[in-house]
Each structure stands twice: as structure tokens, then as C-alpha cells.
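The next block holds one structure in the form of C-alpha cells; read it before the comments.
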Amino acid sequence: MSKILVTGAAGFIGFHLTRRLLASDHLVTGLDNLNDYYDVSLKEARLGMLLGQSGFSFVRAGLEQREVVEELFATAQFDCVIHLAAQAGVRYSMQNPHTYINSNIVGFLNILEGCRRTAVKHLVYASSSSVYGANSSVPFSEHHSVDHPVSLYAATKRSNELMAHTYAHLYGMPVTGLRFFTVYGPWGRPDMAYFSFTRAILEGRPIDIFNHGRMQRDFTYIDDIIEGVVRIMGHPPAPNPRWNAENPDPATSSAPYRLYNIGNNNPVELARFIEVLEECLAKKAIRNFLPPQPGEVLVTCANVDDLSGAVGFRPCTTIEKGLASFTGWYKEHYR
């Protein structure tokens, strides 16, 4: 039994992870500010399923509330921290840039400081496939350089990786960053395309399809993400004895620092994804084709060889199975 902090516990991934940890008899503290970036009632519904469960406690606060975060770490003495809370969304970052700095940069610093001051044994934090930015070499590898982000959201996630390495280097703090690739599934985020597509199709409204549906995404089912996170939790990084400062490997370090992709390693064209969604809903979509959006990348695909080598796991859920599960949940939840 471990004492674990999960930030963003009322969020999509945080909710699923917290349920998994509680089922394994861990003591979990959830931290979330329940902001209104998307439907708060969905966050409250997720949280309602966690509250009252044995071993779970909840703190409602924002990451940028330094004093609250400091007090939480000082009193709880966590063994492990899973940092999932962040301001998400590529397009939203172009309209509300300051929100991303407050949550994703200032907030992450507060988490790093809390872990340092209380000697947390392992910090695992969510990065994103968006850090690959203008890279065109696929599949994306953790060993590639990622210094050309194409959105502020991506820039904040890359900044988190650099900040984490600094703390690993200076203080010997074991830190692992996980680059998630287009996560979907039950209890998902309404701002994600598959969720808004489902709602529009069932209501008979058109769906906006950017770049005429020719983008490819490495859609990764939520259960695969959670399995990867749980396995990595128990696998804190060690310094890489072969790390070479003259030819530095971005994925490892002479410090206890590591980066891993968690993706399905099987990119699917958005047009095909919509076809499977139509099959699951037994209803055709009304398509509204639009040009590409600023900040969007055309293809994402994860190389997961390092993840597989480290913890013996590769995501493998097909979109046919994953979307069937999501649409079944959607129809039940929203009647």
C-alpha cells in the first residue's frame, strides 16, 4: 500500500487511474480545481464515483496555489506523485495563453518543489505527443530532438520535460515523463473530436472535419494508457551509464530521468475513425470539410519500443473495440 497523489483526479485520465489505484488498495489523494474548460458536470460525475471510496481523499485547488500545494505535500508525505493536471487543448492555447503558463509552468514548478522538499520516491508526469511539433520523421521516438513546437500547449509540455530534467539532475529526484498520444474512451473529454462528433451525429448536426479528414492520429484507448502509467509507476528511472554528453540522448540522462511514449503505434486516418464511429452509432455523419487549423500536425505515431523494453507492455486496443466501448458508455450516460 502506497500513498499516492494524483493531480487532475477529476479529469479523464486521472479519474480512470485513481479508480485503478484504489482497486489495488493504494491510498490516493486527488487534487483538482474542477475548472470550466469543459462541462464541469462531467468532472463532478467522475469525482462523485471516487468520493466515499475507501482510501480516497480529495483537495479542491489549483496547481498555481503555491501555499495549498506546499501544505498538501508537507502533511501527506507521498510515496509517489502522478501529475496529470494541466490546461489542455491546442486551439484553446491560442486564445488563452496566460492560462497555460499559470497551470502548466507555474503549477508544474509547485509540484516539482513539493516532490523535492518531501523526497518523493518517483514523480510521473503527463507530457504529450504534441511536443514532436514540426518533426516529420515517423514513428516519433523519444530519442528524436523535439525543439520545434507548433503550439503554446506543446511548448509548455516540452518546458515541463526540461524542468523535470533539471530537478533530476540537481537533486537526484527520479522523474519520468509520459508522452500520451490522442487518448480516447469512456468518460472522455467533451472538447476532443471523437466526443463532439458523437454528440453531433446523434443530434443530426454537421461535424467539422479539418484538413478534409486526412490527418492521421495514433488513437490510444484509455485502458492502455492506464496500464502503461501503472507499470511505469513501479519502475523509477536510474541514470543511464552510457549517456554521452558529446552526443546526448534526449530520452535519458546521467540523472534519474526518463521519457516514454504511450501510443497505439498504429496511426489511423481521421476519415476512417469517423467511419468506425458511424458504424458504432448506426448513423451517418453530416460532414463539413474545412482546411487545416494552425498548430495542428498532420500525423502522429508513437514508437513504443522503449516502453515495451522497460515494462513489457505495448498498447494494442483497436479503434473498433475502443469506439464501441466509448459509444456504449456515451448512450448510457447521456440517455
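Ordering of the C-alpha cells sets the chain letters (A, B, ...); residue numbers start at 1 within each chain; ligands are numbered from 1 in the order shown.
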> Do you know which residues are at most 8 Å from Leu34 (chain A) counting only C-alpha atoms, after dropping those on the same chain fewer than 4 positions away, and could you put them as a PyMOL selection string?
Replying inline: chain A and resi 10+40+43-44+60
>> Which residues are close to Glu70 (chain A), i.e. within 10 Å by only C-alpha atoms, leaving aside same-chain residues fewer than 5 positions away? Reply as a PyMOL selection string.
In response: chain A and resi 65+75+110-111+113-115+117-118
Test item: residues at most 8 Å from Ser2 (chain A), only C-alpha atoms, excluding those fewer than 4 positions along its chain, as a CSV table (one decimal) with all heavy atoms, in the first residue's frame:
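Final file, around-v3.csv:
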chain,number,residue,atom,x,y,z
A,26,HIS,N,-4.2,1.1,-2.9
A,26,HIS,CA,-3.4,2.3,-2.6
A,26,HIS,C,-4.2,3.3,-1.9
A,26,HIS,O,-5.4,3.4,-2.1
A,26,HIS,CB,-2.8,2.8,-3.9
A,26,HIS,CG,-1.8,1.9,-4.5
A,26,HIS,ND1,-0.6,1.6,-4.0
A,26,HIS,CD2,-1.9,1.2,-5.7
A,26,HIS,CE1,0.1,0.8,-4.8
A,26,HIS,NE2,-0.7,0.5,-5.9
A,27,LEU,N,-3.5,4.2,-1.1
A,27,LEU,CA,-4.2,5.4,-0.6
A,27,LEU,C,-3.9,6.5,-1.6
A,27,LEU,O,-2.8,6.9,-1.9
A,27,LEU,CB,-3.5,5.7,0.8
A,27,LEU,CG,-3.7,4.6,1.9
A,27,LEU,CD1,-2.9,5.0,3.1
A,27,LEU,CD2,-5.1,4.4,2.2
A,78,PHE,N,3.8,11.9,0.5
A,78,PHE,CA,3.5,10.9,-0.6
A,78,PHE,C,4.7,10.1,-1.0
A,78,PHE,O,5.9,10.5,-1.0
A,78,PHE,CB,3.0,11.7,-1.8
A,78,PHE,CG,1.8,12.5,-1.6
A,78,PHE,CD1,1.8,13.9,-1.6
A,78,PHE,CD2,0.5,11.8,-1.3
A,78,PHE,CE1,0.7,14.6,-1.4
A,78,PHE,CE2,-0.6,12.6,-1.1
A,78,PHE,CZ,-0.5,14.0,-1.2
A,79,ASP,N,4.5,8.8,-1.3
A,79,ASP,CA,5.5,7.9,-1.9
A,79,ASP,C,5.7,8.2,-3.3
A,79,ASP,O,6.8,8.1,-3.8
A,79,ASP,CB,5.1,6.5,-1.7
A,79,ASP,CG,4.9,6.1,-0.2
A,79,ASP,OD1,5.9,6.3,0.6
A,79,ASP,OD2,3.9,5.6,0.2
A,80,CYS,N,4.6,8.5,-4.0
A,80,CYS,CA,4.7,8.6,-5.5
A,80,CYS,C,3.7,9.7,-5.9
A,80,CYS,O,2.6,9.9,-5.3
A,80,CYS,CB,4.3,7.3,-6.2
A,80,CYS,SG,4.3,7.3,-8.0
Using only C-alpha atoms, which residues of region 17-123 of chain A come within 12 Å of region 139-152 of chain A, and what is the closest atom pair for each, with the distance in Å to one decimal? Give it as JSON lines, sorted by chain and residue number.
{"residue": "A:Gln87", "atom": "CA", "partner": "A:Leu152", "partner_atom": "CA", "distance": 10.9}
{"residue": "A:Ala88", "atom": "CA", "partner": "A:Leu152", "partner_atom": "CA", "distance": 10.5}
{"residue": "A:Gly89", "atom": "CA", "partner": "A:Ser151", "partner_atom": "CA", "distance": 9.5}
{"residue": "A:Val90", "atom": "CA", "partner": "A:Ser151", "partner_atom": "CA", "distance": 6.2}
{"residue": "A:Arg91", "atom": "CA", "partner": "A:Ser151", "partner_atom": "CA", "distance": 8.1}
{"residue": "A:Tyr92", "atom": "CA", "partner": "A:Leu152", "partner_atom": "CA", "distance": 9.5}
{"residue": "A:Ser93", "atom": "CA", "partner": "A:Leu152", "partner_atom": "CA", "distance": 5.9}
{"residue": "A:Met94", "atom": "CA", "partner": "A:Leu152", "partner_atom": "CA", "distance": 7.2}
{"residue": "A:Gln95", "atom": "CA", "partner": "A:Leu152", "partner_atom": "CA", "distance": 10.3}
{"residue": "A:Asn96", "atom": "CA", "partner": "A:Leu152", "partner_atom": "CA", "distance": 9.8}
{"residue": "A:Pro97", "atom": "CA", "partner": "A:Leu152", "partner_atom": "CA", "distance": 7.1}
{"residue": "A:His98", "atom": "CA", "partner": "A:Leu152", "partner_atom": "CA", "distance": 10.0}
{"residue": "A:Thr99", "atom": "CA", "partner": "A:Leu152", "partner_atom": "CA", "distance": 10.7}
{"residue": "A:Tyr100", "atom": "CA", "partner": "A:Leu152", "partner_atom": "CA", "distance": 7.8}
{"residue": "A:Ile101", "atom": "CA", "partner": "A:Leu152", "partner_atom": "CA", "distance": 9.0}
{"residue": "A:Asn104", "atom": "CA", "partner": "A:Leu152", "partner_atom": "CA", "distance": 10.5}
{"residue": "A:Ile105", "atom": "CA", "partner": "A:Leu152", "partner_atom": "CA", "distance": 11.3}
Could those residues be written to a file, using N, CA, C and O atoms, as a PDB file, in the first residue's frame?
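In the end it all went to part28.pdb:
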ATOM      1  N   GLN A  87      -3.623  22.527 -18.178  1.00  0.00           N
ATOM      2  CA  GLN A  87      -4.559  23.144 -19.112  1.00  0.00           C
ATOM      3  C   GLN A  87      -4.319  22.509 -20.465  1.00  0.00           C
ATOM      4  O   GLN A  87      -3.242  22.637 -21.036  1.00  0.00           O
ATOM      5  N   ALA A  88      -5.327  21.806 -20.963  1.00  0.00           N
ATOM      6  CA  ALA A  88      -5.190  21.062 -22.213  1.00  0.00           C
ATOM      7  C   ALA A  88      -5.710  21.885 -23.387  1.00  0.00           C
ATOM      8  O   ALA A  88      -6.327  22.932 -23.212  1.00  0.00           O
ATOM      9  N   GLY A  89      -5.466  21.359 -24.594  1.00  0.00           N
ATOM     10  CA  GLY A  89      -6.048  21.933 -25.799  1.00  0.00           C
ATOM     11  C   GLY A  89      -5.078  22.762 -26.615  1.00  0.00           C
ATOM     12  O   GLY A  89      -4.497  23.724 -26.106  1.00  0.00           O
ATOM     13  N   VAL A  90      -4.893  22.388 -27.867  1.00  0.00           N
ATOM     14  CA  VAL A  90      -4.003  23.124 -28.760  1.00  0.00           C
ATOM     15  C   VAL A  90      -4.640  24.439 -29.198  1.00  0.00           C
ATOM     16  O   VAL A  90      -4.048  25.513 -29.087  1.00  0.00           O
ATOM     17  N   ARG A  91      -5.876  24.380 -29.686  1.00  0.00           N
ATOM     18  CA  ARG A  91      -6.525  25.594 -30.213  1.00  0.00           C
ATOM     19  C   ARG A  91      -6.824  26.604 -29.106  1.00  0.00           C
ATOM     20  O   ARG A  91      -6.682  27.817 -29.292  1.00  0.00           O
ATOM     21  N   TYR A  92      -7.220  26.105 -27.942  1.00  0.00           N
ATOM     22  CA  TYR A  92      -7.550  26.992 -26.823  1.00  0.00           C
ATOM     23  C   TYR A  92      -6.329  27.794 -26.383  1.00  0.00           C
ATOM     24  O   TYR A  92      -6.460  28.919 -25.880  1.00  0.00           O
ATOM     25  N   SER A  93      -5.126  27.233 -26.591  1.00  0.00           N
ATOM     26  CA  SER A  93      -3.909  27.925 -26.154  1.00  0.00           C
ATOM     27  C   SER A  93      -3.648  29.182 -26.961  1.00  0.00           C
ATOM     28  O   SER A  93      -2.902  30.065 -26.534  1.00  0.00           O
ATOM     29  N   MET A  94      -4.256  29.288 -28.136  1.00  0.00           N
ATOM     30  CA  MET A  94      -4.063  30.484 -28.946  1.00  0.00           C
ATOM     31  C   MET A  94      -4.961  31.636 -28.488  1.00  0.00           C
ATOM     32  O   MET A  94      -4.698  32.792 -28.787  1.00  0.00           O
ATOM     33  N   GLN A  95      -6.033  31.296 -27.760  1.00  0.00           N
ATOM     34  CA  GLN A  95      -6.921  32.344 -27.252  1.00  0.00           C
ATOM     35  C   GLN A  95      -6.659  32.697 -25.787  1.00  0.00           C
ATOM     36  O   GLN A  95      -6.966  33.797 -25.344  1.00  0.00           O
ATOM     37  N   ASN A  96      -6.085  31.748 -25.038  1.00  0.00           N
ATOM     38  CA  ASN A  96      -5.913  31.961 -23.596  1.00  0.00           C
ATOM     39  C   ASN A  96      -4.503  31.557 -23.153  1.00  0.00           C
ATOM     40  O   ASN A  96      -4.332  30.661 -22.313  1.00  0.00           O
ATOM     41  N   PRO A  97      -3.490  32.208 -23.703  1.00  0.00           N
ATOM     42  CA  PRO A  97      -2.114  31.770 -23.421  1.00  0.00           C
ATOM     43  C   PRO A  97      -1.710  31.854 -21.957  1.00  0.00           C
ATOM     44  O   PRO A  97      -0.973  31.005 -21.460  1.00  0.00           O
ATOM     45  N   HIS A  98      -2.191  32.867 -21.231  1.00  0.00           N
ATOM     46  CA  HIS A  98      -1.764  33.031 -19.839  1.00  0.00           C
ATOM     47  C   HIS A  98      -2.223  31.870 -18.962  1.00  0.00           C
ATOM     48  O   HIS A  98      -1.545  31.506 -17.998  1.00  0.00           O
ATOM     49  N   THR A  99      -3.365  31.286 -19.304  1.00  0.00           N
ATOM     50  CA  THR A  99      -3.862  30.145 -18.543  1.00  0.00           C
ATOM     51  C   THR A  99      -2.870  28.991 -18.595  1.00  0.00           C
ATOM     52  O   THR A  99      -2.668  28.274 -17.608  1.00  0.00           O
ATOM     53  N   TYR A 100      -2.223  28.806 -19.738  1.00  0.00           N
ATOM     54  CA  TYR A 100      -1.278  27.699 -19.911  1.00  0.00           C
ATOM     55  C   TYR A 100      -0.001  27.920 -19.103  1.00  0.00           C
ATOM     56  O   TYR A 100       0.564  26.975 -18.559  1.00  0.00           O
ATOM     57  N   ILE A 101       0.433  29.164 -19.022  1.00  0.00           N
ATOM     58  CA  ILE A 101       1.629  29.451 -18.227  1.00  0.00           C
ATOM     59  C   ILE A 101       1.329  29.235 -16.742  1.00  0.00           C
ATOM     60  O   ILE A 101       2.122  28.617 -16.020  1.00  0.00           O
ATOM     61  N   ASN A 104       0.404  25.123 -16.443  1.00  0.00           N
ATOM     62  CA  ASN A 104       1.363  24.133 -16.925  1.00  0.00           C
ATOM     63  C   ASN A 104       2.811  24.438 -16.551  1.00  0.00           C
ATOM     64  O   ASN A 104       3.617  23.514 -16.478  1.00  0.00           O
ATOM     65  N   ILE A 105       3.134  25.705 -16.338  1.00  0.00           N
ATOM     66  CA  ILE A 105       4.503  26.057 -15.963  1.00  0.00           C
ATOM     67  C   ILE A 105       4.608  26.340 -14.467  1.00  0.00           C
ATOM     68  O   ILE A 105       5.327  25.651 -13.742  1.00  0.00           O
TER      69      ILE A 105
END
> Where in region 257-290 of chain A does DSSP assign helix (DSSP H, G or I), given as a PyMOL selection string?
Replying inline: chain A and resi 270-281
>> I want to know what sits within 12 Å of region 308-311 of chain A, based on only C-alpha atoms, with residues of the same chain fewer than 4 positions away left out; could you give that as a list of chain:residue names?
In response: A:Glu227, A:Gly228, A:Val229, A:Val230, A:Arg231, A:Ile232, A:Met233, A:Gly234, A:His235, A:Pro236, A:Pro237, A:Ala238, A:Arg258, A:Leu259, A:Tyr260, A:Asn261, A:Ile262, A:Gly263, A:Asn264, A:Asn265, A:Ala302, A:Asn303, A:Val304, A:Pro315, A:Cys316
Please produce a file of the residues just selected, as a compact mmCIF listing (two decimals), in the first residue's frame, where the atoms kept are C-alpha atoms.
# COMPACT_ATOMS: atom_id res chain seq x y z
CA GLU A 227 -1.82 0.16 -17.87
CA GLY A 228 1.28 1.98 -19.08
CA VAL A 229 1.13 4.54 -16.25
CA VAL A 230 0.71 1.89 -13.55
CA ARG A 231 3.62 -0.16 -14.86
CA ILE A 232 5.89 2.88 -15.09
CA MET A 233 4.97 3.91 -11.53
CA GLY A 234 6.77 0.87 -10.20
CA HIS A 235 9.75 1.42 -12.49
CA PRO A 236 11.56 4.58 -11.33
CA PRO A 237 14.38 5.64 -13.66
CA ALA A 238 18.06 5.25 -12.94
CA ARG A 258 13.36 9.12 -18.47
CA LEU A 259 10.84 9.80 -21.24
CA TYR A 260 8.44 7.24 -22.74
CA ASN A 261 5.82 7.34 -25.47
CA ILE A 262 2.48 5.69 -24.73
CA GLY A 263 0.62 5.31 -28.01
CA ASN A 264 -1.04 2.65 -30.10
CA ASN A 265 1.80 2.60 -32.68
CA ALA A 302 4.35 6.52 -31.38
CA ASN A 303 7.40 4.32 -31.31
CA VAL A 304 6.82 2.32 -28.10
CA PRO A 315 -0.90 -0.63 -26.28
CA CYS A 316 -2.97 -2.69 -28.71
Would you please extract all strand (DSSP E) residues from region 216-320 of chain A, as assigned by DSSP on the backbone, and give them as a PDB file with C-alpha atoms, in the first residue's frame?
ATOM      1  CA  GLN A 216      -3.604  10.638 -39.051  1.00  0.00           C
ATOM      2  CA  ARG A 217      -3.677  10.141 -35.307  1.00  0.00           C
ATOM      3  CA  THR A 220      -4.845   5.292 -27.847  1.00  0.00           C
ATOM      4  CA  TYR A 221      -7.558   3.715 -25.708  1.00  0.00           C
ATOM      5  CA  TYR A 257      15.310  10.891 -15.736  1.00  0.00           C
ATOM      6  CA  ARG A 258      13.359   9.118 -18.472  1.00  0.00           C
ATOM      7  CA  LEU A 259      10.841   9.801 -21.237  1.00  0.00           C
ATOM      8  CA  TYR A 260       8.445   7.242 -22.735  1.00  0.00           C
ATOM      9  CA  ASN A 261       5.819   7.337 -25.472  1.00  0.00           C
ATOM     10  CA  ILE A 262       2.482   5.691 -24.729  1.00  0.00           C
ATOM     11  CA  VAL A 268      -5.496   5.913 -38.247  1.00  0.00           C
ATOM     12  CA  GLU A 269      -6.761   8.498 -40.727  1.00  0.00           C
ATOM     13  CA  ILE A 286     -23.125  15.100 -41.971  1.00  0.00           C
ATOM     14  CA  ARG A 287     -19.632  16.212 -42.994  1.00  0.00           C
ATOM     15  CA  ASN A 288     -18.431  19.813 -43.144  1.00  0.00           C
ATOM     16  CA  PHE A 289     -14.915  19.794 -44.609  1.00  0.00           C
ATOM     17  CA  LEU A 290     -12.544  22.581 -43.557  1.00  0.00           C
TER      18      LEU A 290
END
>> For Ser54 (chain A), find every residue with an atom within 12 Å (counting only C-alpha atoms), except residues of its own chain fewer than 5 positions away, and show them as a list of chain:residue names.
In response: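 Those residues are A:Thr18, A:Arg19, A:Leu21, A:Leu22, A:Ala23, A:Ser24, A:Asp25, A:His26, A:Leu27, A:Val28, A:Thr29, A:Met49.
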I'd like a table as a Markdown table: residues in region 233-331 of chain A with an atom no more than 8 Å from region 161-172 of chain A, each row giving the shortest atom pair and its distance in Å to one decimal, only C-alpha atoms counted, sorted by chain and rising residue number.
| residue | atom | partner | partner_atom | distance |
| --- | --- | --- | --- | --- |
| A:Ser254 | CA | A:His169 | CA | 7.7 |
| A:Ala255 | CA | A:His169 | CA | 5.0 |
| A:Pro256 | CA | A:Ala168 | CA | 5.8 |
| A:Tyr257 | CA | A:Ala168 | CA | 6.1 |
>> Would you compute the distance between CA of Ala74 (chain A) and CA of Ser103 (chain A)? Give it in Å to one decimal.
In response: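 These two atoms are separated by 20.8 Å.
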>> One number please: CA of Ile226 (chain A) to CA of His16 (chain A), in Å, one decimal.
In response: 7.1 Å
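CA of Glu296 (chain A) sits 29.7 Å away from CA of Lys331 (chain A).
Of the residues listed (A:Gly52, A:Pro239, A:Phe210, A:Pro190), A:Pro239 shows the shortest atom-to-atom separation from Ala251 (chain A); distances use only C-alpha atoms.
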>> Which residue is closest to Pro174 (chain A)? Choose from A:Asp249, A:Thr327, A:Ala119, A:Arg242 and count only C-alpha atoms.
In response: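 Once distances to Pro174 (chain A) are computed over only C-alpha atoms, the minimum belongs to A:Ala119.
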>> Applying 12 Å and only C-alpha atoms, which residues near Glu332 (chain A) remain after dropping the ones on its own chain fewer than 6 positions away? List them as a ChimeraX atom specification.
In response: /A:186-187,325-326
Next, write the just-selected residues to a file, as a tab-separated table (two decimals), in the first residue's frame, keeping all heavy atoms as the atom set.
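Output (result_2.tsv):
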chain	number	residue	atom	x	y	z
A	186	PRO	N	-14.39	5.87	-22.66
A	186	PRO	CA	-15.49	6.27	-21.77
A	186	PRO	C	-15.03	7.32	-20.76
A	186	PRO	O	-13.90	7.31	-20.31
A	186	PRO	CB	-15.85	4.96	-21.07
A	186	PRO	CG	-15.42	3.88	-22.01
A	186	PRO	CD	-14.18	4.41	-22.67
A	187	TRP	N	-15.92	8.24	-20.43
A	187	TRP	CA	-15.67	9.34	-19.51
A	187	TRP	C	-14.65	10.33	-20.07
A	187	TRP	O	-14.01	11.07	-19.33
A	187	TRP	CB	-15.22	8.84	-18.13
A	187	TRP	CG	-16.27	8.08	-17.40
A	187	TRP	CD1	-16.39	6.72	-17.30
A	187	TRP	CD2	-17.37	8.62	-16.66
A	187	TRP	NE1	-17.49	6.38	-16.54
A	187	TRP	CE2	-18.10	7.53	-16.14
A	187	TRP	CE3	-17.80	9.93	-16.39
A	187	TRP	CZ2	-19.26	7.71	-15.38
A	187	TRP	CZ3	-18.94	10.10	-15.61
A	187	TRP	CH2	-19.65	8.99	-15.12
A	325	SER	N	-16.78	0.66	-27.11
A	325	SER	CA	-16.87	0.87	-25.66
A	325	SER	C	-17.26	2.30	-25.33
A	325	SER	O	-18.12	2.55	-24.47
A	325	SER	CB	-15.52	0.53	-25.02
A	325	SER	OG	-15.57	0.71	-23.63
A	326	PHE	N	-16.66	3.26	-26.03
A	326	PHE	CA	-16.99	4.67	-25.77
A	326	PHE	C	-18.44	4.98	-26.09
A	326	PHE	O	-19.14	5.61	-25.30
A	326	PHE	CB	-16.08	5.59	-26.57
A	326	PHE	CG	-16.58	7.01	-26.60
A	326	PHE	CD1	-16.51	7.80	-25.47
A	326	PHE	CD2	-17.19	7.54	-27.73
A	326	PHE	CE1	-17.01	9.10	-25.47
A	326	PHE	CE2	-17.68	8.82	-27.75
A	326	PHE	CZ	-17.60	9.61	-26.61
